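Notes follow once the structure below has been shown.
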Amino acid sequence: MPLNRELVGREYPCSEPYEVSREKIRDFADAIGDANPLYWSKDAARAAGYADVIAPPTFLTVLQFRFRGEGPIADPALGLDYSRVVHGEQRFVYHRPVVAGDVLHASTAIEEIRDAGHNELLTTRMDVASNGGVVCTAYSTLVSRGTASGGR
Amino acid sequence: MPAYDEVAVGAELPVQRLQVRRSDLIRYAGASGDFNVIHWNERVATDVGLPNVIAHGMFTMAFAARALTDWLDDPRDLLEYAVRFSAPVVVPDDDKGATLVIKATVAEKLDGNQVRVTLTAETDGRHCLARAYAVVRLR
């Protein structure tokens, strides 16, 4: 079944803000094996002009999973079968690093759905802001295998 | 961080190498919240046609970012970062795991002290990222 393209442009605001903790940043930095002192040491981060430790560039993937249940992927109207999905592309546009203590407000929109052979490509855009200022925009392209109208 | 005026197109950033083991994928699943079974369960991974358990694409993207953030003094100078996941990183159930080699090259000098960097990621001699690039700000 092809994805429902009438949903292109629909926004899915997250139901509550995400509070970034220093220990979650350290867990994430540990998991990617990155010892950058700006991710670990409050003193190093302060010396660099931050209020607290900062998060590695791909940390916002945590928000995508935290709020996945209320985003487009979980919308039954979209018709996405997650067992057919692989992650195709990812792009981040940064305005500033995420800092421990940030209260992040995120909203995900369906940016584009198009065919690529037998597959469909679903691109979502997550806008992340804190205190009204944009922090990052994350674009994710998921490959929905075999669901193009010409597909099987 | 190198100065914009001293960086030439074609300049190579320090190469990053990593052994990715099953335990790294378990740890990444917990930290990221991505518990997709194909990243830790060989039975399910092979059932859906994969050669074995594969690494999270975002794990590869996170590791590749280190080529950029180690080169820059401060990650705030990373302005844009994008990858396409072109092939899976297959992680066998042994002590060695998979090898990941990241190379990054200055591809273009832009206005505003910015440069465009292109990246490659190889696992066992095969490219696993395509069209990977970043825009960074130098001093």
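So you can find residues: chains in the structure tokens are A, B, ... in the order shown, residues in each start at 1, and ligands are numbered from 1 in order.
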
Considering only C-alpha atoms, extract the chain B residues located within 6 Å of chain A and return them as a PyMOL selection string. chain B and resi 27-28+31-33+62+76+79-85

If you run DSSP on the backbone, which residues of segment 9-137 of chain B are strand (DSSP E or B), as an NGL selection string? :B and (12 or 16-20 or 54 or 78-85 or 90 or 98-109 or 114-123 or 126-127 or 129-137)

Å distance separating atom CA of Asn36 of chain B from atom CA of His105 of chain A, one decimal place: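 Computed distance, atom CA of Asn36 of chain B to atom CA of His105 of chain A, equals 25.3 Å.
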
Residues at most 9 Å from Val85 of chain A, counting only C-alpha atoms, excluding those fewer than 6 positions away in the same chain, as a PyMOL selection string? chain A and resi 142-145

Identify, on the basis of only C-alpha atoms, every residue whose closest approach to Ile102 of chain B does not exceed 10 Å; exclude the query and any residue fewer than 6 positions from it along the same chain; express the result as a list in words.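 My reading of the contact set: Leu13, Pro14, Val15, Gln16, Arg17, Leu18, Thr60, Phe63, Ala64, Ala65, Arg66, Ala67, Leu119, Thr120, Ala121, Glu122, Thr123, His127 and Leu129 of chain B.
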
Neighbour list for Asp73 of chain B as a PyMOL selection string, cut-off 10 Å, only C-alpha atoms, skip fewer than 2 positions in-chain: (chain A and resi 38+48) or (chain B and resi 1-2+68-71+75-77+138)

Backbone-only DSSP, alpha helix (DSSP H) members of chain A, as a PyMOL selection string: chain A and resi 22-31+37-40+42-47+61-66

For N, CA and C atoms, I'd like the residues from the last selection saved as a PDB file, in the first residue's frame.
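This is the output file again-v3.pdb:
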ATOM      1  N   ARG A  22      22.596  16.512  31.882  1.00  0.00           N
ATOM      2  CA  ARG A  22      24.038  16.306  31.724  1.00  0.00           C
ATOM      3  C   ARG A  22      24.363  14.809  31.630  1.00  0.00           C
ATOM      4  N   GLU A  23      23.682  14.015  32.459  1.00  0.00           N
ATOM      5  CA  GLU A  23      23.999  12.586  32.458  1.00  0.00           C
ATOM      6  C   GLU A  23      23.533  11.884  31.179  1.00  0.00           C
ATOM      7  N   LYS A  24      22.435  12.338  30.606  1.00  0.00           N
ATOM      8  CA  LYS A  24      21.998  11.744  29.327  1.00  0.00           C
ATOM      9  C   LYS A  24      23.014  12.061  28.231  1.00  0.00           C
ATOM     10  N   ILE A  25      23.534  13.289  28.248  1.00  0.00           N
ATOM     11  CA  ILE A  25      24.578  13.643  27.277  1.00  0.00           C
ATOM     12  C   ILE A  25      25.800  12.749  27.470  1.00  0.00           C
ATOM     13  N   ARG A  26      26.187  12.533  28.736  1.00  0.00           N
ATOM     14  CA  ARG A  26      27.362  11.685  28.989  1.00  0.00           C
ATOM     15  C   ARG A  26      27.103  10.239  28.554  1.00  0.00           C
ATOM     16  N   ASP A  27      25.892   9.735  28.808  1.00  0.00           N
ATOM     17  CA  ASP A  27      25.543   8.383  28.350  1.00  0.00           C
ATOM     18  C   ASP A  27      25.696   8.278  26.833  1.00  0.00           C
ATOM     19  N   PHE A  28      25.208   9.301  26.148  1.00  0.00           N
ATOM     20  CA  PHE A  28      25.251   9.275  24.686  1.00  0.00           C
ATOM     21  C   PHE A  28      26.699   9.369  24.192  1.00  0.00           C
ATOM     22  N   ALA A  29      27.474  10.271  24.798  1.00  0.00           N
ATOM     23  CA  ALA A  29      28.886  10.416  24.413  1.00  0.00           C
ATOM     24  C   ALA A  29      29.637   9.111  24.669  1.00  0.00           C
ATOM     25  N   ASP A  30      29.313   8.447  25.770  1.00  0.00           N
ATOM     26  CA  ASP A  30      29.940   7.161  26.083  1.00  0.00           C
ATOM     27  C   ASP A  30      29.580   6.122  25.023  1.00  0.00           C
ATOM     28  N   ALA A  31      28.315   6.117  24.617  1.00  0.00           N
ATOM     29  CA  ALA A  31      27.840   5.117  23.652  1.00  0.00           C
ATOM     30  C   ALA A  31      28.478   5.294  22.277  1.00  0.00           C
ATOM     31  N   PRO A  37      36.040  16.662  25.785  1.00  0.00           N
ATOM     32  CA  PRO A  37      35.758  17.210  27.118  1.00  0.00           C
ATOM     33  C   PRO A  37      34.515  18.104  27.169  1.00  0.00           C
ATOM     34  N   LEU A  38      34.140  18.691  26.033  1.00  0.00           N
ATOM     35  CA  LEU A  38      32.944  19.553  26.035  1.00  0.00           C
ATOM     36  C   LEU A  38      31.670  18.744  26.281  1.00  0.00           C
ATOM     37  N   TYR A  39      31.726  17.421  26.041  1.00  0.00           N
ATOM     38  CA  TYR A  39      30.566  16.557  26.294  1.00  0.00           C
ATOM     39  C   TYR A  39      30.569  16.021  27.729  1.00  0.00           C
ATOM     40  N   TRP A  40      31.716  16.106  28.414  1.00  0.00           N
ATOM     41  CA  TRP A  40      31.884  15.440  29.701  1.00  0.00           C
ATOM     42  C   TRP A  40      32.109  16.381  30.873  1.00  0.00           C
ATOM     43  N   LYS A  42      31.921  19.912  32.828  1.00  0.00           N
ATOM     44  CA  LYS A  42      31.250  21.204  32.961  1.00  0.00           C
ATOM     45  C   LYS A  42      32.268  22.340  32.925  1.00  0.00           C
ATOM     46  N   ASP A  43      33.435  22.108  33.542  1.00  0.00           N
ATOM     47  CA  ASP A  43      34.467  23.154  33.564  1.00  0.00           C
ATOM     48  C   ASP A  43      34.972  23.461  32.151  1.00  0.00           C
ATOM     49  N   ALA A  44      35.207  22.388  31.368  1.00  0.00           N
ATOM     50  CA  ALA A  44      35.686  22.596  29.998  1.00  0.00           C
ATOM     51  C   ALA A  44      34.624  23.326  29.177  1.00  0.00           C
ATOM     52  N   ALA A  45      33.360  22.951  29.384  1.00  0.00           N
ATOM     53  CA  ALA A  45      32.279  23.600  28.635  1.00  0.00           C
ATOM     54  C   ALA A  45      32.146  25.070  29.037  1.00  0.00           C
ATOM     55  N   ARG A  46      32.276  25.342  30.337  1.00  0.00           N
ATOM     56  CA  ARG A  46      32.197  26.734  30.803  1.00  0.00           C
ATOM     57  C   ARG A  46      33.340  27.566  30.231  1.00  0.00           C
ATOM     58  N   ALA A  47      34.526  26.961  30.194  1.00  0.00           N
ATOM     59  CA  ALA A  47      35.681  27.684  29.652  1.00  0.00           C
ATOM     60  C   ALA A  47      35.466  28.036  28.178  1.00  0.00           C
ATOM     61  N   THR A  61      18.883  12.677  17.687  1.00  0.00           N
ATOM     62  CA  THR A  61      18.222  11.416  17.360  1.00  0.00           C
ATOM     63  C   THR A  61      17.482  10.869  18.584  1.00  0.00           C
ATOM     64  N   VAL A  62      17.961  11.209  19.765  1.00  0.00           N
ATOM     65  CA  VAL A  62      17.294  10.784  21.006  1.00  0.00           C
ATOM     66  C   VAL A  62      15.859  11.320  21.044  1.00  0.00           C
ATOM     67  N   LEU A  63      15.672  12.580  20.603  1.00  0.00           N
ATOM     68  CA  LEU A  63      14.324  13.150  20.607  1.00  0.00           C
ATOM     69  C   LEU A  63      13.436  12.446  19.593  1.00  0.00           C
ATOM     70  N   GLN A  64      14.046  12.055  18.463  1.00  0.00           N
ATOM     71  CA  GLN A  64      13.233  11.388  17.441  1.00  0.00           C
ATOM     72  C   GLN A  64      12.670  10.080  17.980  1.00  0.00           C
ATOM     73  N   PHE A  65      13.471   9.364  18.773  1.00  0.00           N
ATOM     74  CA  PHE A  65      12.963   8.106  19.337  1.00  0.00           C
ATOM     75  C   PHE A  65      12.066   8.351  20.542  1.00  0.00           C
ATOM     76  N   ARG A  66      12.406   9.372  21.335  1.00  0.00           N
ATOM     77  CA  ARG A  66      11.585   9.675  22.516  1.00  0.00           C
ATOM     78  C   ARG A  66      10.136   9.988  22.119  1.00  0.00           C
TER      79      ARG A  66
END

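The residue set within 7 Å of segment 43-57 of chain B, counting only C-alpha atoms and dropping same-chain residues fewer than 6 places from it, reads Leu25, Val37, Phe85, Pro88, Val89, Val90, Val91 and Pro92 of chain B.
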
Convert the current residue selection to file output with N, CA and C atoms, as a PDB file, in the first residue's frame.
ATOM      1  N   LEU B  25      26.896  -1.792  20.048  1.00  0.00           N
ATOM      2  CA  LEU B  25      25.539  -1.589  19.513  1.00  0.00           C
ATOM      3  C   LEU B  25      24.492  -1.654  20.621  1.00  0.00           C
ATOM      4  N   VAL B  37      15.410  -4.476  16.450  1.00  0.00           N
ATOM      5  CA  VAL B  37      15.976  -5.803  16.742  1.00  0.00           C
ATOM      6  C   VAL B  37      17.135  -6.177  15.811  1.00  0.00           C
ATOM      7  N   PHE B  85      22.826   6.643   3.915  1.00  0.00           N
ATOM      8  CA  PHE B  85      23.258   5.319   4.355  1.00  0.00           C
ATOM      9  C   PHE B  85      23.191   4.375   3.155  1.00  0.00           C
ATOM     10  N   PRO B  88      24.970  -1.416   4.736  1.00  0.00           N
ATOM     11  CA  PRO B  88      25.007  -1.660   6.179  1.00  0.00           C
ATOM     12  C   PRO B  88      26.417  -1.979   6.675  1.00  0.00           C
ATOM     13  N   VAL B  89      26.662  -1.668   7.950  1.00  0.00           N
ATOM     14  CA  VAL B  89      27.897  -2.065   8.623  1.00  0.00           C
ATOM     15  C   VAL B  89      27.577  -3.361   9.367  1.00  0.00           C
ATOM     16  N   VAL B  90      28.081  -4.464   8.841  1.00  0.00           N
ATOM     17  CA  VAL B  90      27.772  -5.784   9.402  1.00  0.00           C
ATOM     18  C   VAL B  90      28.716  -6.068  10.565  1.00  0.00           C
ATOM     19  N   VAL B  91      28.126  -6.415  11.715  1.00  0.00           N
ATOM     20  CA  VAL B  91      28.914  -6.586  12.940  1.00  0.00           C
ATOM     21  C   VAL B  91      28.830  -8.042  13.396  1.00  0.00           C
ATOM     22  N   PRO B  92      29.893  -8.835  13.137  1.00  0.00           N
ATOM     23  CA  PRO B  92      29.864 -10.248  13.533  1.00  0.00           C
ATOM     24  C   PRO B  92      29.963 -10.403  15.044  1.00  0.00           C
TER      25      PRO B  92
END

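Distance-wise, atom CA of Leu122 of chain A and atom CA of Phe67 of chain A end up 17.5 Å apart.
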
Non-local contacts of segment 108-110 of chain A (12 Å; only C-alpha atoms; under 2 positions in same chain excluded) as a PyMOL selection string: chain A and resi 3-15+63-65+67-75+78+105-106+112-114+121-129+137-142

Okay, now the selection with N, CA and C atoms, as a tab-separated table (two decimals), in the first residue's frame?
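Output (part.tsv):
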chain	number	residue	atom	x	y	z
A	3	LEU	N	2.03	5.08	0.61
A	3	LEU	CA	1.81	5.99	1.74
A	3	LEU	C	0.78	7.05	1.34
A	4	ASN	N	0.13	7.59	2.33
A	4	ASN	CA	-0.93	8.59	2.11
A	4	ASN	C	-0.30	9.98	1.90
A	5	ARG	N	-0.27	10.41	0.65
A	5	ARG	CA	0.43	11.66	0.34
A	5	ARG	C	-0.37	12.91	0.70
A	6	GLU	N	-1.63	12.70	1.07
A	6	GLU	CA	-2.41	13.86	1.54
A	6	GLU	C	-1.85	14.41	2.84
A	7	LEU	N	-1.00	13.63	3.50
A	7	LEU	CA	-0.46	14.08	4.78
A	7	LEU	C	0.80	14.92	4.64
A	8	VAL	N	1.29	15.10	3.42
A	8	VAL	CA	2.48	15.94	3.23
A	8	VAL	C	2.17	17.35	3.73
A	9	GLY	N	3.04	17.87	4.58
A	9	GLY	CA	2.83	19.19	5.15
A	9	GLY	C	2.24	19.16	6.55
A	10	ARG	N	1.70	18.00	6.96
A	10	ARG	CA	1.10	17.94	8.30
A	10	ARG	C	2.18	18.03	9.39
A	11	GLU	N	1.84	18.76	10.44
A	11	GLU	CA	2.77	18.95	11.57
A	11	GLU	C	2.32	18.10	12.75
A	12	TYR	N	3.30	17.55	13.46
A	12	TYR	CA	3.05	16.75	14.66
A	12	TYR	C	3.87	17.34	15.81
A	13	PRO	N	3.31	18.31	16.53
A	13	PRO	CA	4.07	18.89	17.65
A	13	PRO	C	4.21	17.87	18.78
A	14	CYS	N	5.38	17.83	19.42
A	14	CYS	CA	5.57	16.93	20.56
A	14	CYS	C	4.72	17.42	21.73
A	15	SER	N	4.16	16.47	22.48
A	15	SER	CA	3.18	16.83	23.50
A	15	SER	C	3.80	17.52	24.70
A	63	LEU	N	15.67	12.58	20.60
A	63	LEU	CA	14.32	13.15	20.61
A	63	LEU	C	13.44	12.45	19.59
A	64	GLN	N	14.05	12.06	18.46
A	64	GLN	CA	13.23	11.39	17.44
A	64	GLN	C	12.67	10.08	17.98
A	65	PHE	N	13.47	9.36	18.77
A	65	PHE	CA	12.96	8.11	19.34
A	65	PHE	C	12.07	8.35	20.54
A	67	PHE	N	9.97	10.70	20.99
A	67	PHE	CA	8.64	11.15	20.60
A	67	PHE	C	8.10	10.40	19.37
A	68	ARG	N	8.72	9.26	19.06
A	68	ARG	CA	8.32	8.56	17.85
A	68	ARG	C	6.85	8.15	17.88
A	69	GLY	N	6.37	7.79	19.08
A	69	GLY	CA	4.99	7.31	19.21
A	69	GLY	C	3.94	8.35	18.90
A	70	GLU	N	4.32	9.62	18.86
A	70	GLU	CA	3.33	10.65	18.56
A	70	GLU	C	3.68	11.41	17.28
A	71	GLY	N	4.60	10.89	16.51
A	71	GLY	CA	5.00	11.55	15.26
A	71	GLY	C	4.35	10.91	14.06
A	72	PRO	N	4.75	11.32	12.86
A	72	PRO	CA	4.13	10.84	11.63
A	72	PRO	C	4.27	9.33	11.43
A	73	ILE	N	5.41	8.77	11.88
A	73	ILE	CA	5.65	7.34	11.66
A	73	ILE	C	4.58	6.50	12.33
A	74	ALA	N	4.08	6.99	13.48
A	74	ALA	CA	3.07	6.24	14.23
A	74	ALA	C	1.65	6.60	13.83
A	75	ASP	N	1.50	7.53	12.87
A	75	ASP	CA	0.14	7.94	12.48
A	75	ASP	C	-0.46	6.87	11.58
A	78	LEU	N	-1.02	7.47	7.87
A	78	LEU	CA	0.07	7.49	6.90
A	78	LEU	C	0.22	6.13	6.23
A	105	HIS	N	11.71	22.25	22.62
A	105	HIS	CA	10.38	22.06	22.05
A	105	HIS	C	10.56	21.58	20.62
A	106	ALA	N	9.97	20.44	20.31
A	106	ALA	CA	10.17	19.86	18.98
A	106	ALA	C	8.84	19.63	18.29
A	112	GLU	N	8.09	15.46	2.59
A	112	GLU	CA	7.97	14.98	1.20
A	112	GLU	C	7.75	13.46	1.19
A	113	ILE	N	6.96	13.00	0.24
A	113	ILE	CA	6.86	11.56	-0.04
A	113	ILE	C	7.01	11.40	-1.55
A	114	ARG	N	7.95	10.57	-1.97
A	114	ARG	CA	8.09	10.37	-3.41
A	114	ARG	C	8.52	8.93	-3.72
A	121	LEU	N	10.13	7.14	-0.67
A	121	LEU	CA	11.02	7.87	0.24
A	121	LEU	C	10.18	8.87	1.02
A	122	LEU	N	10.19	8.72	2.34
A	122	LEU	CA	9.44	9.61	3.23
A	122	LEU	C	10.44	10.50	3.96
A	123	THR	N	10.33	11.80	3.73
A	123	THR	CA	11.23	12.74	4.41
A	123	THR	C	10.45	13.51	5.46
A	124	THR	N	10.95	13.45	6.70
A	124	THR	CA	10.35	14.23	7.78
A	124	THR	C	11.33	15.32	8.20
A	125	ARG	N	10.78	16.39	8.78
A	125	ARG	CA	11.59	17.50	9.26
A	125	ARG	C	11.24	17.74	10.72
A	126	MET	N	12.24	17.64	11.60
A	126	MET	CA	11.99	17.94	13.00
A	126	MET	C	12.63	19.29	13.34
A	127	ASP	N	11.78	20.23	13.74
A	127	ASP	CA	12.27	21.54	14.17
A	127	ASP	C	12.42	21.52	15.68
A	128	VAL	N	13.60	21.89	16.15
A	128	VAL	CA	13.88	21.88	17.58
A	128	VAL	C	14.24	23.30	18.02
A	129	ALA	N	13.53	23.80	19.04
A	129	ALA	CA	13.76	25.17	19.50
A	129	ALA	C	13.81	25.19	21.02
A	137	THR	N	17.48	21.87	12.95
A	137	THR	CA	16.46	21.23	12.13
A	137	THR	C	17.04	19.91	11.63
A	138	ALA	N	16.28	18.84	11.85
A	138	ALA	CA	16.76	17.50	11.47
A	138	ALA	C	15.86	16.93	10.39
A	139	TYR	N	16.44	16.57	9.26
A	139	TYR	CA	15.70	15.97	8.15
A	139	TYR	C	16.04	14.48	8.10
A	140	SER	N	15.04	13.63	8.14
A	140	SER	CA	15.25	12.18	8.07
A	140	SER	C	14.52	11.63	6.86
A	141	THR	N	15.20	10.85	6.07
A	141	THR	CA	14.54	10.18	4.96
A	141	THR	C	14.50	8.68	5.24
A	142	LEU	N	13.28	8.16	5.29
A	142	LEU	CA	13.08	6.73	5.50
A	142	LEU	C	12.69	6.09	4.17

Between atom CA of Leu104 of chain A and atom CA of Val115 of chain B, measure the distance and give it in Å to one decimal. 28.9 Å
